[in-house]
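Before any comments, here is the structure.
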Amino acid sequence: MPELPEVETVRKGLEQKLDNFTIKKVEVCRDSTVAFPTNKEDFIKGLQNSILYKWNRRGKYLIAELKKIQNENIKCPLEKSLKNNGFLVVHLRMTGYFKFINDSTSPCKHTRIRVFDKKNNELRYIDVRSFGQMWWIKQGLSPNKIIKGLGSLGPEPFSKEFDANYLKKVISKRKKSIKAILLDQTIVAGLGNIYADESLFLAGISPFREARTIKKNELIKLQESIVNVLKKSIGSGGTTFSDFRDLEGENGNFGLQTNVYRRTGKECRKCGNLIKRKKITGRSTHWCQFCQK
């Protein structure tokens, strides 16, 4: 599943490519991709004639601010002629990705949503496993209340709230493994399997440690490791290990630089001993038993 760095890479790509992209036509190829409103026709009508004004990210969610031109006949600066039209929220899930197409072609069988502008440029949403979802939240409704997962997210890893004191507070009485804690989106937004493994390795902490046993100085290092790993991956455009694709159809480069993730049986880059793999809460976990205590 795309994690924070991949979703941030997509957000940046959408922001750069879709400068004031005005939706003139919407085609829903798979009804189940539309999570809200329940009637796909309301979804289509809600998006039509909307400008994809600004793209944000919250955890693994993409959030587009939508605007509409109030009166095209009045001559005034674009900013002053716009009114809010709610939000388009997207969760890519396992295999969802966007592709920008200048010269529109017939869609592949995995195409779920097609959005066109007046020049017939197409923003195509493709999803092989069809777990991804979209919501049009009209003006006046709260995305956090409509989308349960969005409203329950913990702090962003790059926020001031996410520090060692916060981690100490939320894990002080928890018997779960620190790896399971890091995968909990209500504790930290956007972190997933790949970057949890990499962050724990960088911090020198075993993924199997009970969260409550981790000391303050270790939490300081863990918080710093999470931020550093995520920043490095964002700079590399994400990881090749997920099904993530950017707007050009390319995957990331971070997979070439992992220390433990999917390196089972290979030598640790620090100590030379072999990387181990074992499941925690159903997720494959990779670690070095000598470097991580």
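Residues are referred to by chain and number: the chain letter is A, B, ... according to the order shown in the structure tokens, the number counts from 1 in that chain, and ligands are numbered separately from 1 in the order shown.
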Residue list (strand (DSSP E), DSSP) for segment 4-104 of chain A, as a PyMOL selection string = chain A and resi 21-22+25-28+34-36+51-58+61-69+82-91+96-101
Segment 271-287 of chain A: which residues within 9 Å, counting only C-alpha atoms, same-chain residues fewer than 2 positions away excluded, as a list in words?
->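 Result of the neighbour search: Ser177, Lys179, Ala180, Asn193, Ile194, Ala196, Asp197, Glu198, Leu200, Phe201, Ser206, Pro207, Phe208, Asn259, Val260, Tyr261, Arg262, Arg263, Thr264, Gly265, Lys266, Glu267, Cys268, Arg269, Gln289, Phe290, Cys291 and Gln292 of chain A.
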Selection: 12 Å around Tyr53 of chain A, only C-alpha atoms, excl. self and same-chain fewer than 6 positions, as a ChimeraX atom specification | /A:14-23,63-69,78-79,82-88
DSSP helix (DSSP H, G or I) residues within segment 70-226 of chain A, as a PyMOL selection string | chain A and resi 78-81+143-146+148-151+164-171+178-182+193-203+211-213+216-226
What is the atom CA of Lys293 of chain A to atom CA of Phe254 of chain A distance in Å?
->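 So the two atoms, atom CA of Lys293 of chain A and atom CA of Phe254 of chain A, lie 25.0 Å apart.
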For segment 185-189 of chain A, please output as an MDAnalysis selection string all residues within 7 Å (counting only C-alpha atoms; exclusion window: fewer than 2 positions along the same chain).
-> chainID A and resid 59 152:157 182:183 191
Please write the residues from the selection above to a file, keeping C-alpha atoms, as a PDB file, in the first residue's frame.
ATOM      1  CA  GLY A  59      -2.010  10.704   6.348  1.00  0.00           C
ATOM      2  CA  SER A 152      -9.528   9.476  13.588  1.00  0.00           C
ATOM      3  CA  LEU A 153      -5.986  10.069  12.286  1.00  0.00           C
ATOM      4  CA  GLY A 154      -3.170  10.815  14.687  1.00  0.00           C
ATOM      5  CA  PRO A 155      -0.669  13.668  14.197  1.00  0.00           C
ATOM      6  CA  GLU A 156       1.435  13.998  11.051  1.00  0.00           C
ATOM      7  CA  PRO A 157       5.071  12.841  11.499  1.00  0.00           C
ATOM      8  CA  LEU A 182       3.649   2.549  14.586  1.00  0.00           C
ATOM      9  CA  LEU A 183       1.206   0.970  12.137  1.00  0.00           C
ATOM     10  CA  LEU A 191       3.344   5.480   8.446  1.00  0.00           C
TER      11      LEU A 191
END
Selected residue, from A:Arg112, A:Lys99, A:Arg212, A:Lys60, that lies nearest to Asp31 of chain A when counting only C-alpha atoms = A:Arg112
Give me, please, the distance in Å between atom CA of Ile171 of chain A and atom CA of Asn228 of chain A, quoted to one decimal.
->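 Those two atoms sit 21.2 Å apart.
Using only C-alpha atoms, the shortest contact distance between Lys231 of chain A and any of A:Cys288, A:Glu6, A:Lys169, A:Glu218 is found at A:Glu6.
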Skip segment 131-146 of chain A itself and residues of its chain fewer than 2 positions away, then list as a PyMOL selection string all residues within 10 Å of it, counting only C-alpha atoms.
-> chain A and resi 31-38+40+42-47+61-67+83-97+112-113+125-129+148-153
Convert the current residue selection to file output with N, CA and C atoms, as a short mmCIF file (atom, residue, chain, number, x, y, z; two decimals), in the first residue's frame.
data_model
loop_
_atom_site.label_atom_id
_atom_site.label_comp_id
_atom_site.auth_asym_id
_atom_site.auth_seq_id
_atom_site.Cartn_x
_atom_site.Cartn_y
_atom_site.Cartn_z
N ASP A 31 -18.77 1.73 -10.03
CA ASP A 31 -19.58 2.45 -9.03
C ASP A 31 -19.01 2.35 -7.62
N SER A 32 -18.43 1.20 -7.27
CA SER A 32 -17.96 0.99 -5.90
C SER A 32 -16.78 1.88 -5.52
N THR A 33 -16.13 2.47 -6.52
CA THR A 33 -15.02 3.39 -6.23
C THR A 33 -15.54 4.67 -5.58
N VAL A 34 -16.78 5.03 -5.89
CA VAL A 34 -17.40 6.23 -5.30
C VAL A 34 -17.98 5.86 -3.94
N ALA A 35 -17.33 6.35 -2.88
CA ALA A 35 -17.79 6.04 -1.53
C ALA A 35 -18.86 7.01 -1.03
N PHE A 36 -18.83 8.24 -1.55
CA PHE A 36 -19.79 9.26 -1.10
C PHE A 36 -19.84 10.37 -2.14
N PRO A 37 -21.03 10.84 -2.50
CA PRO A 37 -22.37 10.42 -2.09
C PRO A 37 -22.71 9.01 -2.59
N THR A 38 -23.73 8.43 -2.02
CA THR A 38 -24.09 7.06 -2.39
C THR A 38 -24.60 6.97 -3.82
N LYS A 40 -24.04 7.84 -7.54
CA LYS A 40 -22.91 8.26 -8.36
C LYS A 40 -23.24 9.49 -9.21
N ASP A 42 -24.89 12.08 -8.20
CA ASP A 42 -24.61 13.23 -7.35
C ASP A 42 -23.11 13.52 -7.31
N PHE A 43 -22.32 12.46 -7.32
CA PHE A 43 -20.86 12.58 -7.35
C PHE A 43 -20.42 13.29 -8.64
N ILE A 44 -20.98 12.83 -9.76
CA ILE A 44 -20.63 13.39 -11.07
C ILE A 44 -21.04 14.86 -11.16
N LYS A 45 -22.28 15.16 -10.79
CA LYS A 45 -22.78 16.54 -10.85
C LYS A 45 -22.01 17.45 -9.91
N GLY A 46 -21.62 16.91 -8.76
CA GLY A 46 -20.87 17.71 -7.79
C GLY A 46 -19.51 18.14 -8.31
N LEU A 47 -18.87 17.26 -9.08
CA LEU A 47 -17.53 17.57 -9.59
C LEU A 47 -17.53 18.40 -10.87
N TYR A 61 -4.45 10.04 2.84
CA TYR A 61 -5.56 10.60 2.06
C TYR A 61 -5.09 11.80 1.24
N LEU A 62 -5.55 11.87 -0.01
CA LEU A 62 -5.38 13.05 -0.85
C LEU A 62 -6.65 13.88 -0.77
N ILE A 63 -6.51 15.18 -0.59
CA ILE A 63 -7.68 16.04 -0.44
C ILE A 63 -7.56 17.24 -1.38
N ALA A 64 -8.44 17.30 -2.37
CA ALA A 64 -8.44 18.41 -3.31
C ALA A 64 -9.50 19.43 -2.91
N GLU A 65 -9.09 20.69 -2.76
CA GLU A 65 -10.05 21.77 -2.54
C GLU A 65 -10.67 22.13 -3.89
N LEU A 66 -11.99 22.15 -3.93
CA LEU A 66 -12.70 22.44 -5.17
C LEU A 66 -13.27 23.86 -5.17
N LYS A 67 -13.19 24.51 -6.33
CA LYS A 67 -13.75 25.85 -6.49
C LYS A 67 -14.63 25.87 -7.73
N LYS A 83 -16.00 30.46 -5.91
CA LYS A 83 -16.65 30.10 -4.65
C LYS A 83 -16.29 28.66 -4.31
N ASN A 84 -16.31 28.33 -3.05
CA ASN A 84 -15.93 26.99 -2.61
C ASN A 84 -16.97 25.96 -3.06
N ASN A 85 -16.46 24.76 -3.42
CA ASN A 85 -17.37 23.67 -3.80
C ASN A 85 -17.00 22.37 -3.09
N GLY A 86 -16.56 22.51 -1.85
CA GLY A 86 -16.26 21.32 -1.06
C GLY A 86 -14.93 20.69 -1.40
N PHE A 87 -14.88 19.34 -1.27
CA PHE A 87 -13.61 18.63 -1.41
C PHE A 87 -13.79 17.32 -2.19
N LEU A 88 -12.76 16.96 -2.93
CA LEU A 88 -12.64 15.62 -3.50
C LEU A 88 -11.57 14.92 -2.68
N VAL A 89 -11.95 13.84 -1.99
CA VAL A 89 -11.02 13.09 -1.15
C VAL A 89 -10.76 11.73 -1.80
N VAL A 90 -9.50 11.32 -1.80
CA VAL A 90 -9.10 10.07 -2.45
C VAL A 90 -8.22 9.26 -1.51
N HIS A 91 -8.50 7.95 -1.43
CA HIS A 91 -7.59 7.03 -0.75
C HIS A 91 -7.20 5.97 -1.77
N LEU A 92 -5.90 5.86 -2.05
CA LEU A 92 -5.41 4.97 -3.09
C LEU A 92 -5.45 3.49 -2.69
N ARG A 93 -5.47 3.22 -1.39
CA ARG A 93 -5.43 1.84 -0.89
C ARG A 93 -4.24 1.05 -1.43
N MET A 94 -4.48 -0.18 -1.88
CA MET A 94 -3.38 -1.07 -2.25
C MET A 94 -2.75 -0.73 -3.60
N THR A 95 -3.57 -0.54 -4.63
CA THR A 95 -3.04 -0.48 -6.00
C THR A 95 -3.54 0.71 -6.81
N GLY A 96 -4.16 1.69 -6.17
CA GLY A 96 -4.70 2.82 -6.92
C GLY A 96 -3.63 3.82 -7.32
N TYR A 97 -3.77 4.40 -8.50
CA TYR A 97 -2.88 5.48 -8.93
C TYR A 97 -3.54 6.31 -10.02
N ARG A 112 -11.08 3.12 -13.22
CA ARG A 112 -12.25 3.23 -12.34
C ARG A 112 -12.96 4.59 -12.47
N ILE A 113 -12.19 5.67 -12.59
CA ILE A 113 -12.77 7.01 -12.73
C ILE A 113 -12.00 7.76 -13.81
N TYR A 125 -8.06 7.52 -13.09
CA TYR A 125 -7.76 6.77 -11.87
C TYR A 125 -7.85 5.28 -12.18
N ILE A 126 -6.74 4.58 -11.96
CA ILE A 126 -6.63 3.16 -12.26
C ILE A 126 -6.38 2.40 -10.96
N ASP A 127 -7.04 1.25 -10.80
CA ASP A 127 -6.93 0.51 -9.55
C ASP A 127 -7.18 -0.97 -9.83
N VAL A 128 -6.10 -1.75 -9.86
CA VAL A 128 -6.20 -3.18 -10.22
C VAL A 128 -7.08 -3.94 -9.23
N ARG A 129 -6.86 -3.73 -7.94
CA ARG A 129 -7.59 -4.50 -6.93
C ARG A 129 -8.88 -3.82 -6.46
N LYS A 148 -14.71 8.28 8.36
CA LYS A 148 -14.31 7.89 9.71
C LYS A 148 -12.80 7.78 9.85
N GLY A 149 -12.15 7.14 8.87
CA GLY A 149 -10.70 6.95 8.94
C GLY A 149 -9.95 8.27 8.93
N LEU A 150 -10.46 9.24 8.22
CA LEU A 150 -9.81 10.55 8.14
C LEU A 150 -9.94 11.30 9.46
N GLY A 151 -11.10 11.20 10.06
CA GLY A 151 -11.34 11.92 11.31
C GLY A 151 -10.61 11.37 12.51
N SER A 152 -10.18 10.11 12.43
CA SER A 152 -9.53 9.48 13.59
C SER A 152 -8.00 9.45 13.49
N LEU A 153 -7.44 10.11 12.48
CA LEU A 153 -5.99 10.07 12.29
C LEU A 153 -5.22 10.76 13.41
#
